[in-house]
There are 2 protein chains.
Amino acid sequence: MHARDLVVDFPAVAMETPAVDAARLLAEHDLPGLIVVDGDGRPLCVLPGTQVLRMAVPRYCQDDPALARVVDEGHADLFVRALGSRTVRECLPEQPRELPITDPGATVLEVAALMARTRSPLVAVVEGGRLIGAVTLHGLLDHLL
Amino acid sequence: MHARDLVVDFPAVAMETPAVDAARLLAEHDLPGLIVVDGDGRPLCVLPGTQVLRMAVPRYCQDDPALARVVDEGHADLFVRALGSRTVRECLPEQPRELPITDPGATVLEVAALMARTRSPLVAVVEGGRLIGAVTLHGLLDHLL
């Protein structure tokens with residue numbers, strides 16, 4: 001059993017993908033994050049789901065939780081407006097999280113060790129320099145148990 | 001719309017819960033982590049899924065990825081044996097991750113700000129000192145988009 005047997009299609013986004021589209025992908029697929037790829041399909045980093053949220057919460061609510069309690073504006077409108085024309089690039093943390101990468105021939109144990117070491121619930125599987133999918137913590141545990 | 005409208009049942013474990021049972025809960029429910037509670041149902045911290053994995057990967061494989069590539073023993077056997085009689089307590093990181101907590105009356109915006117600030121895809125909802133469930137990043141994005 002190798003990474004190639006556990007790999008699943010995984011939505012990738014580009015630096016210029018609108019943040020709203022990234023948020024929709026996260027919501028639709030129930031993912032811990034998205035993989036950001038360059039123009040050649042090479043994985044660059046992970047965009048954690050909570051980072052998209054960070055851009056969508058107005059600054060004054062992050063600074064003052066008491067304000068967030070009393071805002072009675074429609075949440076969805078506020079959310080989409082806050083994301084506005086921002087892109088994935090603007091949502092990335094200053095220190096983007098390392099994206100663990102492996103190849104299709106990696107053993108299950110190798111993938112598990114990589115996830116454990118990097119504390120990432122997601123490992124990108126790359127072949128010939130291009131992203132072909134990912135192994136998720138859930139998929140791995142499902143196989144192991 | 002408040003936390004009470006978004007809260008979902010969320011499996012809780014105790015410090016003494018066997019690590020194998022925690023891993024099974026993670027696999028069955030596709031969760032980013034588990035909430036650890038004390039004997040009175042008060043939430044203590046989060047057990048991230050990757051930490052359970054860390055305990056299940058033999059030390060020699062974590063130290064030397066090349067070894068992990070050549071191990072041909074049944075992965076599932078190895079995994080369950082490595083977890084052995086360990087408990088959740090032994091899986092927790094030395095610096096347990098802060099568990100964001102809110103009350104049922106928090107607004108959606110408050111929950112979103114809390115997730116964004118703590119970078120946690122999971123917020124525990126507590127009433128009268130007891131865990132009543134959690135709001136997940138997925139549930140929140142689903143509502144907002």
# chains A, B, ... in the order shown; residues from 1 in each chain; ligands from 1

call {"tool": "interface_residues", "arguments": {"of": "chain B", "to": "chain A", "cutoff": "6 Å", "atoms": "only C-alpha atoms", "output": "PyMOL selection string"}}
result
chain B and resi 27+30+50+53-54+62+68-69+76+107+109-110+113+116+119+138+141-142+144

call {"tool": "write_last_selection", "arguments": {"atoms": "all heavy atoms", "output": "CSV table (one decimal), in the first residue's frame"}}
result
chain,number,residue,atom,x,y,z
B,27,ALA,N,-11.2,8.9,12.7
B,27,ALA,CA,-11.4,8.3,11.4
B,27,ALA,C,-12.9,8.2,11.0
B,27,ALA,O,-13.2,8.5,9.9
B,27,ALA,CB,-10.8,6.9,11.4
B,30,ASP,N,-14.3,12.0,10.6
B,30,ASP,CA,-13.6,12.9,9.7
B,30,ASP,C,-13.5,14.3,10.4
B,30,ASP,O,-13.9,15.3,9.9
B,30,ASP,CB,-14.3,13.1,8.4
B,30,ASP,CG,-13.5,13.9,7.4
B,30,ASP,OD1,-12.3,14.1,7.6
B,30,ASP,OD2,-14.1,14.2,6.3
B,50,THR,N,-3.3,14.9,14.1
B,50,THR,CA,-1.9,14.5,13.7
B,50,THR,C,-1.1,14.1,14.9
B,50,THR,O,-0.1,13.4,14.8
B,50,THR,CB,-1.2,15.7,13.0
B,50,THR,OG1,-1.3,16.8,13.8
B,50,THR,CG2,-1.8,16.0,11.7
B,53,LEU,N,-1.5,10.4,15.4
B,53,LEU,CA,-0.6,9.8,14.4
B,53,LEU,C,0.8,9.7,14.9
B,53,LEU,O,1.5,8.7,14.7
B,53,LEU,CB,-0.7,10.6,13.1
B,53,LEU,CG,-0.6,9.9,11.8
B,53,LEU,CD1,-1.5,8.7,11.7
B,53,LEU,CD2,-0.8,10.8,10.6
B,54,ARG,N,1.3,10.8,15.5
B,54,ARG,CA,2.7,10.9,15.9
B,54,ARG,C,3.0,9.8,16.9
B,54,ARG,O,4.1,9.2,16.8
B,54,ARG,CB,2.9,12.3,16.6
B,54,ARG,CG,4.3,12.6,16.8
B,54,ARG,CD,4.5,14.1,17.3
B,54,ARG,NE,3.7,14.3,18.5
B,54,ARG,CZ,4.2,14.1,19.7
B,54,ARG,NH1,5.4,13.6,19.9
B,54,ARG,NH2,3.4,14.3,20.8
B,62,GLN,N,10.2,8.0,12.4
B,62,GLN,CA,10.1,9.4,12.4
B,62,GLN,C,11.5,10.0,12.3
B,62,GLN,O,11.7,11.0,11.7
B,62,GLN,CB,9.5,9.9,13.7
B,62,GLN,CG,8.0,9.6,13.8
B,62,GLN,CD,7.3,10.3,15.0
B,62,GLN,OE1,7.4,11.5,15.2
B,62,GLN,NE2,6.6,9.5,15.7
B,68,ALA,N,11.3,4.3,6.9
B,68,ALA,CA,9.8,4.1,6.7
B,68,ALA,C,9.5,3.6,5.3
B,68,ALA,O,8.5,3.0,5.1
B,68,ALA,CB,9.2,5.5,7.0
B,69,ARG,N,10.4,3.9,4.3
B,69,ARG,CA,10.2,3.5,3.0
B,69,ARG,C,10.3,2.0,2.8
B,69,ARG,O,9.7,1.4,1.9
B,69,ARG,CB,11.1,4.2,2.0
B,69,ARG,CG,10.9,3.8,0.5
B,69,ARG,CD,11.0,4.8,-0.5
B,69,ARG,NE,10.2,6.0,-0.4
B,69,ARG,CZ,9.7,6.7,-1.4
B,69,ARG,NH1,9.8,6.3,-2.6
B,69,ARG,NH2,9.0,7.8,-1.2
B,76,ALA,N,-1.3,-1.7,9.3
B,76,ALA,CA,-2.4,-1.5,10.3
B,76,ALA,C,-2.0,-2.2,11.6
B,76,ALA,O,-2.2,-1.6,12.7
B,76,ALA,CB,-3.7,-2.2,9.8
B,107,THR,N,-22.5,35.6,18.6
B,107,THR,CA,-23.0,35.8,17.2
B,107,THR,C,-22.1,35.0,16.3
B,107,THR,O,-20.9,34.7,16.6
B,107,THR,CB,-23.0,37.3,16.8
B,107,THR,OG1,-21.6,37.8,16.9
B,107,THR,CG2,-23.8,38.1,17.8
B,109,LEU,N,-20.5,36.2,13.9
B,109,LEU,CA,-19.3,37.1,13.7
B,109,LEU,C,-18.3,36.9,14.8
B,109,LEU,O,-17.1,36.8,14.6
B,109,LEU,CB,-19.7,38.5,13.6
B,109,LEU,CG,-18.8,39.5,12.8
B,109,LEU,CD1,-18.5,38.9,11.4
B,109,LEU,CD2,-19.4,40.8,12.8
B,110,GLU,N,-18.8,36.7,16.0
B,110,GLU,CA,-17.9,36.5,17.2
B,110,GLU,C,-17.2,35.1,17.0
B,110,GLU,O,-16.0,35.0,17.3
B,110,GLU,CB,-18.8,36.4,18.4
B,110,GLU,CG,-18.6,37.5,19.4
B,110,GLU,CD,-19.5,37.3,20.6
B,110,GLU,OE1,-20.7,37.1,20.4
B,110,GLU,OE2,-19.0,37.3,21.7
B,113,ALA,N,-14.5,35.4,14.4
B,113,ALA,CA,-13.4,36.2,14.8
B,113,ALA,C,-12.5,35.3,15.7
B,113,ALA,O,-11.3,35.4,15.7
B,113,ALA,CB,-13.8,37.5,15.6
B,116,ALA,N,-10.6,32.8,13.6
B,116,ALA,CA,-9.6,33.4,12.9
B,116,ALA,C,-8.4,33.8,13.8
B,116,ALA,O,-7.2,33.5,13.4
B,116,ALA,CB,-10.1,34.7,12.2
B,119,ARG,N,-6.8,30.5,15.0
B,119,ARG,CA,-6.4,29.6,13.9
B,119,ARG,C,-6.9,28.2,14.2
B,119,ARG,O,-6.3,27.2,13.7
B,119,ARG,CB,-4.9,29.6,13.6
B,119,ARG,CG,-4.4,31.0,13.3
B,119,ARG,CD,-3.0,31.0,12.9
B,119,ARG,NE,-2.6,32.4,12.5
B,119,ARG,CZ,-1.6,32.7,11.7
B,119,ARG,NH1,-0.9,31.8,11.2
B,119,ARG,NH2,-1.4,34.0,11.4
B,138,HIS,N,-16.2,24.3,8.9
B,138,HIS,CA,-17.0,23.9,7.8
B,138,HIS,C,-18.5,24.3,8.0
B,138,HIS,O,-19.1,24.9,7.1
B,138,HIS,CB,-16.9,22.4,7.7
B,138,HIS,CG,-17.8,21.8,6.6
B,138,HIS,ND1,-18.8,20.9,6.8
B,138,HIS,CD2,-17.8,22.1,5.3
B,138,HIS,CE1,-19.4,20.7,5.6
B,138,HIS,NE2,-18.8,21.3,4.7
B,141,LEU,N,-18.6,28.2,7.5
B,141,LEU,CA,-18.5,28.6,6.1
B,141,LEU,C,-19.8,28.2,5.3
B,141,LEU,O,-20.3,28.9,4.5
B,141,LEU,CB,-17.3,28.0,5.4
B,141,LEU,CG,-16.0,28.5,5.8
B,141,LEU,CD1,-14.8,27.7,5.2
B,141,LEU,CD2,-15.9,30.0,5.4
B,142,ASP,N,-20.3,27.0,5.6
B,142,ASP,CA,-21.6,26.6,5.0
B,142,ASP,C,-22.7,27.6,5.3
B,142,ASP,O,-23.5,27.8,4.4
B,142,ASP,CB,-22.0,25.2,5.7
B,142,ASP,CG,-22.1,24.1,4.7
B,142,ASP,OD1,-21.6,24.3,3.6
B,142,ASP,OD2,-22.7,23.1,5.0
B,144,LEU,N,-22.3,30.8,6.0
B,144,LEU,CA,-22.0,32.1,5.5
B,144,LEU,C,-22.0,32.2,4.0
B,144,LEU,O,-22.2,33.3,3.4
B,144,LEU,CB,-20.6,32.6,6.0
B,144,LEU,CG,-20.4,32.9,7.4
B,144,LEU,CD1,-19.0,33.1,7.8
B,144,LEU,CD2,-21.3,34.1,7.8

call {"tool": "select_by_dssp", "arguments": {"residues": "stretch 86-137 of chain B", "states": "strand (DSSP E)", "output": "VMD selection string"}}
result
chain B and resid 101 to 102 122 to 127 130 to 136

call {"tool": "atom_distance", "arguments": {"atom1": "atom CA of B:Leu6", "atom2": "atom CA of A:Asp21"}}
result
22.3 Å

call {"tool": "residues_around", "arguments": {"residues": "A:Arg86", "least_positions_apart": "3", "cutoff": "9 Å", "atoms": "only C-alpha atoms", "output": "VMD selection string"}}
result
chain A and resid 16 to 20 55 82 to 83 89 to 91

call {"tool": "residues_around", "arguments": {"residues": "B:Cys45", "least_positions_apart": "4", "cutoff": "7 Å", "atoms": "only C-alpha atoms", "output": "compact mmCIF listing (two decimals) with C-alpha atoms, in the first residue's frame"}}
result
# COMPACT_ATOMS: atom_id res chain seq x y z
CA ILE B 35 -12.14 17.87 22.48
CA VAL B 36 -10.67 16.61 25.75
CA PRO B 96 -1.46 21.73 24.43
CA ARG B 97 -3.16 23.93 21.92
CA GLU B 98 -5.55 26.50 23.33
CA LEU B 99 -9.16 25.43 22.93

call {"tool": "select_by_dssp", "arguments": {"residues": "chain B", "states": "helix (DSSP H, G or I)", "output": "PyMOL selection string"}}
result
chain B and resi 3-6+19-29+49-56+59-63+65-70+75-83+88-91+108-118+137-144

call {"tool": "atom_distance", "arguments": {"atom1": "atom CA of A:Ser85", "atom2": "atom CA of A:Asp9"}}
result
27.2 Å

call {"tool": "closest_residue", "arguments": {"among": "A:Ala22, A:Val8, A:Leu44, A:Ala3", "to": "A:Ala134", "atoms": "only C-alpha atoms"}}
result
A:Val8

call {"tool": "closest_residue", "arguments": {"among": "A:Gly84, A:Pro104, A:Pro93, A:Gly129", "to": "A:Val37", "atoms": "only C-alpha atoms"}}
result
A:Gly129

call {"tool": "atom_distance", "arguments": {"atom1": "atom CA of B:Val88", "atom2": "atom CA of B:Val135"}}
result
22.1 Å
